[in-house]
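File shown here: target-v9.pdb, holding PDB, C-alpha atoms.
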```
ATOM      1  CA  MET A   1     -42.910 117.099 112.428
ATOM      2  CA  GLU A   2     -39.636 118.727 113.428
ATOM      3  CA  ILE A   3     -37.618 121.924 113.251
ATOM      4  CA  ALA A   4     -34.616 120.730 111.269
ATOM      5  CA  SER A   5     -32.602 123.903 111.776
ATOM      6  CA  PRO A   6     -31.422 125.786 113.675
ATOM      7  CA  ALA A   7     -30.609 123.251 116.357
ATOM      8  CA  SER A   8     -32.178 123.732 119.760
ATOM      9  CA  GLY A   9     -29.754 125.474 122.104
ATOM     10  CA  ALA A  10     -27.728 126.986 119.244
ATOM     11  CA  ARG A  11     -25.892 130.249 119.850
ATOM     12  CA  LEU A  12     -26.257 132.405 116.755
ATOM     13  CA  SER A  13     -24.116 135.362 115.647
ATOM     14  CA  SER A  14     -26.874 137.041 113.600
ATOM     15  CA  PRO A  15     -30.545 137.902 114.168
ATOM     16  CA  LEU A  16     -31.293 137.188 110.484
ATOM     17  CA  GLY A  17     -32.283 133.539 110.578
ATOM     18  CA  ILE A  18     -33.783 130.779 108.461
ATOM     19  CA  VAL A  19     -35.996 128.155 110.080
ATOM     20  CA  SER A  20     -36.268 124.811 108.291
ATOM     21  CA  VAL A  21     -39.373 122.743 109.077
ATOM     22  CA  ARG A  22     -40.047 119.123 108.092
ATOM     23  CA  TRP A  23     -43.489 117.560 108.305
ATOM     24  CA  ALA A  24     -45.425 114.461 107.336
ATOM     25  CA  ASN A  25     -49.093 113.407 107.198
ATOM     26  CA  ALA A  26     -50.385 117.004 107.175
ATOM     27  CA  VAL A  27     -54.150 117.298 106.686
ATOM     28  CA  THR A  28     -55.035 121.013 106.837
ATOM     29  CA  GLY A  29     -52.203 122.252 104.596
ATOM     30  CA  VAL A  30     -51.347 125.095 106.976
ATOM     31  CA  ALA A  31     -48.630 125.428 109.619
ATOM     32  CA  THR A  32     -48.115 128.146 112.219
ATOM     33  CA  LEU A  33     -44.523 129.160 112.920
ATOM     34  CA  THR A  34     -44.110 131.289 116.032
ATOM     35  CA  VAL A  35     -40.912 133.235 116.711
ATOM     36  CA  GLY A  36     -41.215 134.881 120.099
ATOM     37  CA  ARG A  37     -44.539 136.758 119.811
ATOM     38  CA  VAL A  38     -44.526 136.915 116.009
ATOM     39  CA  ARG A  39     -46.603 134.416 114.003
ATOM     40  CA  HIS A  40     -45.863 133.227 110.462
ATOM     41  CA  ILE A  41     -48.653 131.372 108.660
ATOM     42  CA  LEU A  42     -47.126 128.843 106.264
ATOM     43  CA  ARG A  43     -48.838 127.037 103.408
ATOM     44  CA  LEU A  44     -47.917 123.360 103.066
ATOM     45  CA  GLU A  45     -47.923 122.314  99.419
ATOM     46  CA  ALA A  46     -48.013 118.565 100.141
ATOM     47  CA  PRO A  47     -48.871 116.142 102.988
ATOM     48  CA  ALA A  48     -45.123 115.744 103.621
ATOM     49  CA  GLY A  49     -42.093 117.873 102.857
ATOM     50  CA  GLU A  50     -39.684 120.548 104.058
ATOM     51  CA  LEU A  51     -39.776 124.339 103.852
ATOM     52  CA  ARG A  52     -37.526 127.218 104.853
ATOM     53  CA  GLU A  53     -38.805 130.512 106.259
ATOM     54  CA  ASN A  54     -36.850 133.743 106.821
ATOM     55  CA  VAL A  55     -37.289 135.032 110.377
ATOM     56  CA  THR A  56     -36.009 137.924 112.478
ATOM     57  CA  LEU A  57     -34.704 136.965 115.907
ATOM     58  CA  LEU A  58     -34.004 139.179 118.915
ATOM     59  CA  GLU A  59     -30.799 139.476 120.877
ATOM     60  CA  GLY A  60     -30.930 137.058 123.803
ATOM     61  CA  SER A  61     -33.148 133.973 124.109
ATOM     62  CA  ASN A  62     -35.710 133.149 121.387
ATOM     63  CA  THR A  63     -38.411 130.485 121.451
ATOM     64  CA  VAL A  64     -39.263 129.079 118.014
ATOM     65  CA  ALA A  65     -42.269 126.772 117.664
ATOM     66  CA  VAL A  66     -44.184 125.197 114.782
ATOM     67  CA  GLU A  67     -47.660 123.686 114.934
ATOM     68  CA  VAL A  68     -49.376 121.510 112.313
ATOM     69  CA  ASP A  69     -52.767 119.848 112.877
ATOM     70  CA  GLY A  70     -52.421 120.241 116.642
ATOM     71  CA  ALA A  71     -48.932 118.705 116.798
ATOM     72  CA  ARG A  72     -46.280 121.085 118.152
ATOM     73  CA  CYS A  73     -42.487 121.225 118.124
ATOM     74  CA  GLU A  74     -40.474 123.866 120.011
ATOM     75  CA  ILE A  75     -36.831 124.888 120.294
ATOM     76  CA  THR A  76     -34.898 127.693 121.963
ATOM     77  CA  VAL A  77     -31.962 129.528 120.381
ATOM     78  CA  GLU A  78     -29.732 132.322 121.650
ATOM     79  CA  VAL A  79     -28.604 135.348 119.627
ATOM     80  CA  GLU A  80     -25.388 136.718 121.070
ATOM     81  CA  ARG A  81     -25.286 140.375 122.094
ATOM     82  CA  SER A  82     -23.695 142.762 119.633
ATOM     83  CA  HIS A  83     -22.470 146.363 119.680
ATOM     84  CA  GLY A  84     -21.755 149.253 117.344
ATOM     85  CA  ILE A  85     -25.364 150.021 116.337
ATOM     86  CA  ALA A  86     -27.992 152.003 118.263
ATOM     87  CA  ILE A  87     -31.650 152.047 117.156
ATOM     88  CA  THR A  88     -33.424 155.393 117.681
ATOM     89  CA  ALA A  89     -36.774 154.716 115.905
ATOM     90  CA  PRO A  90     -39.479 153.475 115.846
ATOM     91  CA  ALA A  91     -40.918 153.659 119.350
ATOM     92  CA  PRO A  92     -41.372 150.257 121.010
ATOM     93  CA  VAL A  93     -45.157 150.776 121.189
ATOM     94  CA  GLY A  94     -47.636 152.422 118.801
ATOM     95  CA  PRO A  95     -45.847 153.206 115.498
ATOM     96  CA  GLU A  96     -47.775 153.510 112.234
ATOM     97  CA  ARG A  97     -47.868 150.768 109.607
ATOM     98  CA  ALA A  98     -45.245 152.505 107.432
ATOM     99  CA  ALA A  99     -42.669 153.338 110.105
ATOM    100  CA  ASP A 100     -39.248 154.971 110.166
ATOM    101  CA  PHE A 101     -36.501 152.523 111.170
ATOM    102  CA  ALA A 102     -33.480 154.617 112.083
ATOM    103  CA  GLY A 103     -30.317 154.636 114.128
ATOM    104  CA  ALA A 104     -26.566 155.194 114.160
ATOM    105  CA  TYR A 105     -23.551 152.935 113.735
ATOM    106  CA  GLU A 106     -19.783 153.041 114.119
ATOM    107  CA  GLY A 107     -16.964 150.635 113.348
ATOM    108  CA  ALA A 108     -18.689 149.221 110.249
ATOM    109  CA  SER A 109     -16.480 147.492 107.679
ATOM    110  CA  CYS A 110     -19.145 146.474 105.132
ATOM    111  CA  PRO A 111     -20.430 148.662 102.236
ATOM    112  CA  ALA A 112     -24.050 147.535 102.707
ATOM    113  CA  GLY A 113     -26.429 146.832 105.548
ATOM    114  CA  VAL A 114     -29.706 144.992 105.965
ATOM    115  CA  VAL A 115     -32.862 145.873 107.878
ATOM    116  CA  SER A 116     -35.321 143.081 108.588
ATOM    117  CA  VAL A 117     -38.909 143.031 109.872
ATOM    118  CA  ASN A 118     -40.300 139.604 110.705
ATOM    119  CA  GLY A 119     -38.051 138.013 108.092
ATOM    120  CA  PHE A 120     -38.656 140.566 105.315
ATOM    121  CA  MET A 121     -35.275 142.114 104.442
ATOM    122  CA  GLN A 122     -34.171 145.334 102.705
ATOM    123  CA  GLN A 123     -30.641 146.446 101.872
ATOM    124  CA  PHE A 124     -29.167 149.930 102.281
ATOM    125  CA  ALA A 125     -25.825 151.523 101.444
ATOM    126  CA  VAL A 126     -23.149 152.092 104.109
ATOM    127  CA  PRO A 127     -20.792 154.726 102.635
ATOM    128  CA  GLU A 128     -18.584 155.174 105.722
ATOM    129  CA  SER A 129     -17.533 153.242 108.810
ATOM    130  CA  ARG A 130     -19.509 155.647 110.986
ATOM    131  CA  GLY A 131     -22.873 157.218 110.234
ATOM    132  CA  SER A 132     -26.621 156.779 110.444
ATOM    133  CA  PHE A 133     -29.368 154.852 108.663
ATOM    134  CA  ALA A 134     -33.028 155.713 108.056
ATOM    135  CA  GLU A 135     -35.271 153.246 106.234
ATOM    136  CA  LYS A 136     -39.018 152.946 105.748
ATOM    137  CA  VAL A 137     -40.382 149.566 106.865
ATOM    138  CA  VAL A 138     -43.872 148.072 106.920
ATOM    139  CA  LEU A 139     -45.075 146.673 110.245
ATOM    140  CA  GLY A 140     -47.782 144.169 110.955
ATOM    141  CA  ALA A 141     -50.490 144.675 113.573
ATOM    142  CA  GLY A 142     -49.356 143.375 116.954
ATOM    143  CA  PHE A 143     -45.781 142.393 117.728
ATOM    144  CA  ASN A 144     -42.896 142.811 115.283
ATOM    145  CA  HIS A 145     -39.242 141.788 115.408
ATOM    146  CA  LEU A 146     -36.941 144.436 113.871
ATOM    147  CA  ALA A 147     -33.233 144.013 113.219
ATOM    148  CA  VAL A 148     -30.461 145.941 111.481
ATOM    149  CA  GLN A 149     -27.142 144.344 110.546
ATOM    150  CA  ILE A 150     -23.967 145.752 108.987
ATOM    151  CA  GLY A 151     -21.306 143.078 108.623
ATOM    152  CA  GLU A 152     -20.810 141.591 112.086
ATOM    153  CA  LEU A 153     -22.599 144.473 113.835
ATOM    154  CA  TYR A 154     -26.326 144.263 114.574
ATOM    155  CA  ALA A 155     -29.102 145.462 116.855
ATOM    156  CA  THR A 156     -32.675 144.302 117.401
ATOM    157  CA  LEU A 157     -35.942 145.749 118.693
ATOM    158  CA  LEU A 158     -39.334 144.350 119.711
ATOM    159  CA  VAL A 159     -42.118 146.678 118.526
ATOM    160  CA  GLU A 160     -45.831 146.453 119.328
ATOM    161  CA  ALA A 161     -47.930 148.121 116.609
ATOM    162  CA  THR A 162     -51.342 149.118 117.936
ATOM    163  CA  PHE A 163     -53.166 149.833 114.664
ATOM    164  CA  ALA A 164     -56.008 147.561 113.515
ATOM    165  CA  PRO A 165     -55.074 144.499 111.430
ATOM    166  CA  ALA A 166     -55.542 144.734 107.670
ATOM    167  CA  LYS A 167     -57.164 141.975 105.647
ATOM    168  CA  LEU A 168     -54.421 142.221 103.044
ATOM    169  CA  VAL A 169     -51.245 144.285 102.769
ATOM    170  CA  VAL A 170     -49.157 144.284  99.574
ATOM    171  CA  THR A 171     -45.806 146.070  99.740
ATOM    172  CA  LEU A 172     -43.580 147.142  96.852
ATOM    173  CA  VAL A 173     -40.026 148.091  97.842
ATOM    174  CA  TRP A 174     -37.146 149.400  95.737
ATOM    175  CA  ASP A 175     -33.811 151.056  96.443
ATOM    176  CA  THR A 176     -32.912 152.885  93.208
ATOM    177  CA  PRO A 177     -32.993 156.715  93.498
ATOM    178  CA  ALA A 178     -35.044 158.777  91.030
ATOM    179  CA  THR A 179     -37.192 155.783  90.124
ATOM    180  CA  ASP A 180     -40.988 155.565  90.187
ATOM    181  CA  LEU A 181     -42.825 152.241  90.138
ATOM    182  CA  ASP A 182     -46.567 151.613  90.191
ATOM    183  CA  LEU A 183     -48.417 148.806  91.960
ATOM    184  CA  TYR A 184     -51.679 147.518  90.483
ATOM    185  CA  VAL A 185     -53.972 145.044  92.230
ATOM    186  CA  VAL A 186     -56.489 142.863  90.382
ATOM    187  CA  GLU A 187     -59.527 141.547  92.269
ATOM    188  CA  PRO A 188     -60.450 137.833  91.962
ATOM    189  CA  SER A 189     -63.344 139.006  89.767
ATOM    190  CA  GLY A 190     -60.848 140.435  87.283
ATOM    191  CA  GLY A 191     -61.553 144.084  88.084
ATOM    192  CA  PRO A 192     -59.029 146.600  89.451
ATOM    193  CA  GLY A 193     -58.566 146.819  93.208
ATOM    194  CA  TYR A 194     -58.044 149.874  95.384
ATOM    195  CA  VAL A 195     -54.428 150.911  95.897
ATOM    196  CA  GLU A 196     -53.436 153.273  98.689
ATOM    197  CA  HIS A 197     -50.445 155.325  97.525
ATOM    198  CA  GLN A 198     -48.024 156.216 100.343
ATOM    199  CA  PRO A 199     -45.209 158.381  98.918
ATOM    200  CA  VAL A 200     -42.113 158.534 101.108
ATOM    201  CA  GLU A 201     -39.437 161.237 101.115
ATOM    202  CA  HIS A 202     -36.693 158.667 100.692
ATOM    203  CA  PRO A 203     -35.014 156.837  97.786
ATOM    204  CA  ARG A 204     -36.680 153.648  98.985
ATOM    205  CA  GLN A 205     -40.478 153.773  98.860
ATOM    206  CA  ASN A 206     -43.260 151.495 100.060
ATOM    207  CA  ARG A 207     -46.757 151.177  98.702
ATOM    208  CA  GLY A 208     -49.473 149.076 100.297
ATOM    209  CA  ARG A 209     -52.980 147.702 100.243
TER
END
```
As structure tokens, the full file:
Amino acid sequence: MEIASPASGARLSSPLGIVSVRWANAVTGVATLTVGRVRHILRLEAPAGELRENVTLLEGSNTVAVEVDGARCEITVEVERSHGIAITAPAPVGPERAADFAGAYEGASCPAGVVSVNGFMQQFAVPESRGSFAEKVVLGAGFNHLAVQIGELYATLLVEATFAPAKLVVTLVWDTPATDLDLYVVEPSGGPGYVEHQPVEHPRQNRGR
């Protein structure tokens, strides 16, 4: 088992990363990828193979580790410090599951930006070189890595969510104004499941459970 990329000791110019993992002779079919304090549970489709997982890194040093059947591989990568973006929300401790991710930027030269939570990414429009952003994001219980990037500018934040873990969270995200989508969940028995509707006063909306 090995982390094929990024290379250990690499200095990265973006917190939006992809970790490539190679493995062989897997028995359980499950791998745990840990990025800092955030865990990704990965399903292995075969006893041997390679997979790629989107992750969100933090500015500074990051430890990335993967464990399969008790075997462990670990690397350290560095995300260079950036400037031009300041994050104002959420609070580092205690936000709700559907949280406001907001801040301000200046010196942007790209018409679109990206916010990322633990590897899950959403785009937003950047109409001017200076302005603010406000996006709804869905956090997991425990620690979360948040990042926002506009061109070469980025900022990151470690957030500890103190709400109780959910057994299952399903999130539907879209970015088209004046659009309404519905999310339906079907139980393994074939019957309809409960859907908690969380309307958001924003062109982008999230629905869960």
Env of Arg22 of chain A: 8 Å cut, atoms = all atoms listed in the file, seq-sep filter 5 positions within chain, self excluded. Answer as an NGL selection string.
:A and (1-4 or 48-51)
Selection result for the PyMOL selection byres ((chain A and resi 95-100) around 9) on this file, as a compact mmCIF listing (two decimals) with C-alpha atoms, in the coordinates of the input:
```
# COMPACT_ATOMS: atom_id res chain seq x y z
CA ALA A 89 -36.77 154.72 115.90
CA PRO A 90 -39.48 153.48 115.85
CA ALA A 91 -40.92 153.66 119.35
CA PRO A 92 -41.37 150.26 121.01
CA VAL A 93 -45.16 150.78 121.19
CA GLY A 94 -47.64 152.42 118.80
CA PHE A 101 -36.50 152.52 111.17
CA ALA A 102 -33.48 154.62 112.08
CA ALA A 134 -33.03 155.71 108.06
CA GLU A 135 -35.27 153.25 106.23
CA LYS A 136 -39.02 152.95 105.75
CA VAL A 137 -40.38 149.57 106.86
CA VAL A 138 -43.87 148.07 106.92
CA LEU A 139 -45.08 146.67 110.24
CA GLY A 140 -47.78 144.17 110.96
CA ALA A 141 -50.49 144.68 113.57
CA VAL A 159 -42.12 146.68 118.53
CA GLU A 160 -45.83 146.45 119.33
CA ALA A 161 -47.93 148.12 116.61
CA THR A 162 -51.34 149.12 117.94
CA PHE A 163 -53.17 149.83 114.66
CA GLN A 198 -48.02 156.22 100.34
CA ASN A 206 -43.26 151.50 100.06
CA ARG A 207 -46.76 151.18 98.70
CA GLY A 208 -49.47 149.08 100.30
```
The PyMOL selection byres ((chain A and resi 5-14) around 8) - which residues does that actually catch in the file I just gave you? List them as number ranges by chain.
A: 3-4, 15-21, 75-80, 149, 152, 154
As AutoDock Vina command-line options, please report the centre and edge lengths, rounded to one decimal in Å, of the axis-aligned box that holds all listed atoms of segment 54-62 of chain A with 3 Å of padding on each of the six sides.
```
--center_x -34.0 --center_y 136.3 --center_z 115.5 --size_x 12.5 --size_y 12.3 --size_z 23.3
```
Counting all atoms listed in the file, write as a PyMOL selection string all protein and nucleic acid residues lying at most 12 Å from (-18.9, 156.2, 102.3) in the file's frame.
chain A and resi 108-112+125-132
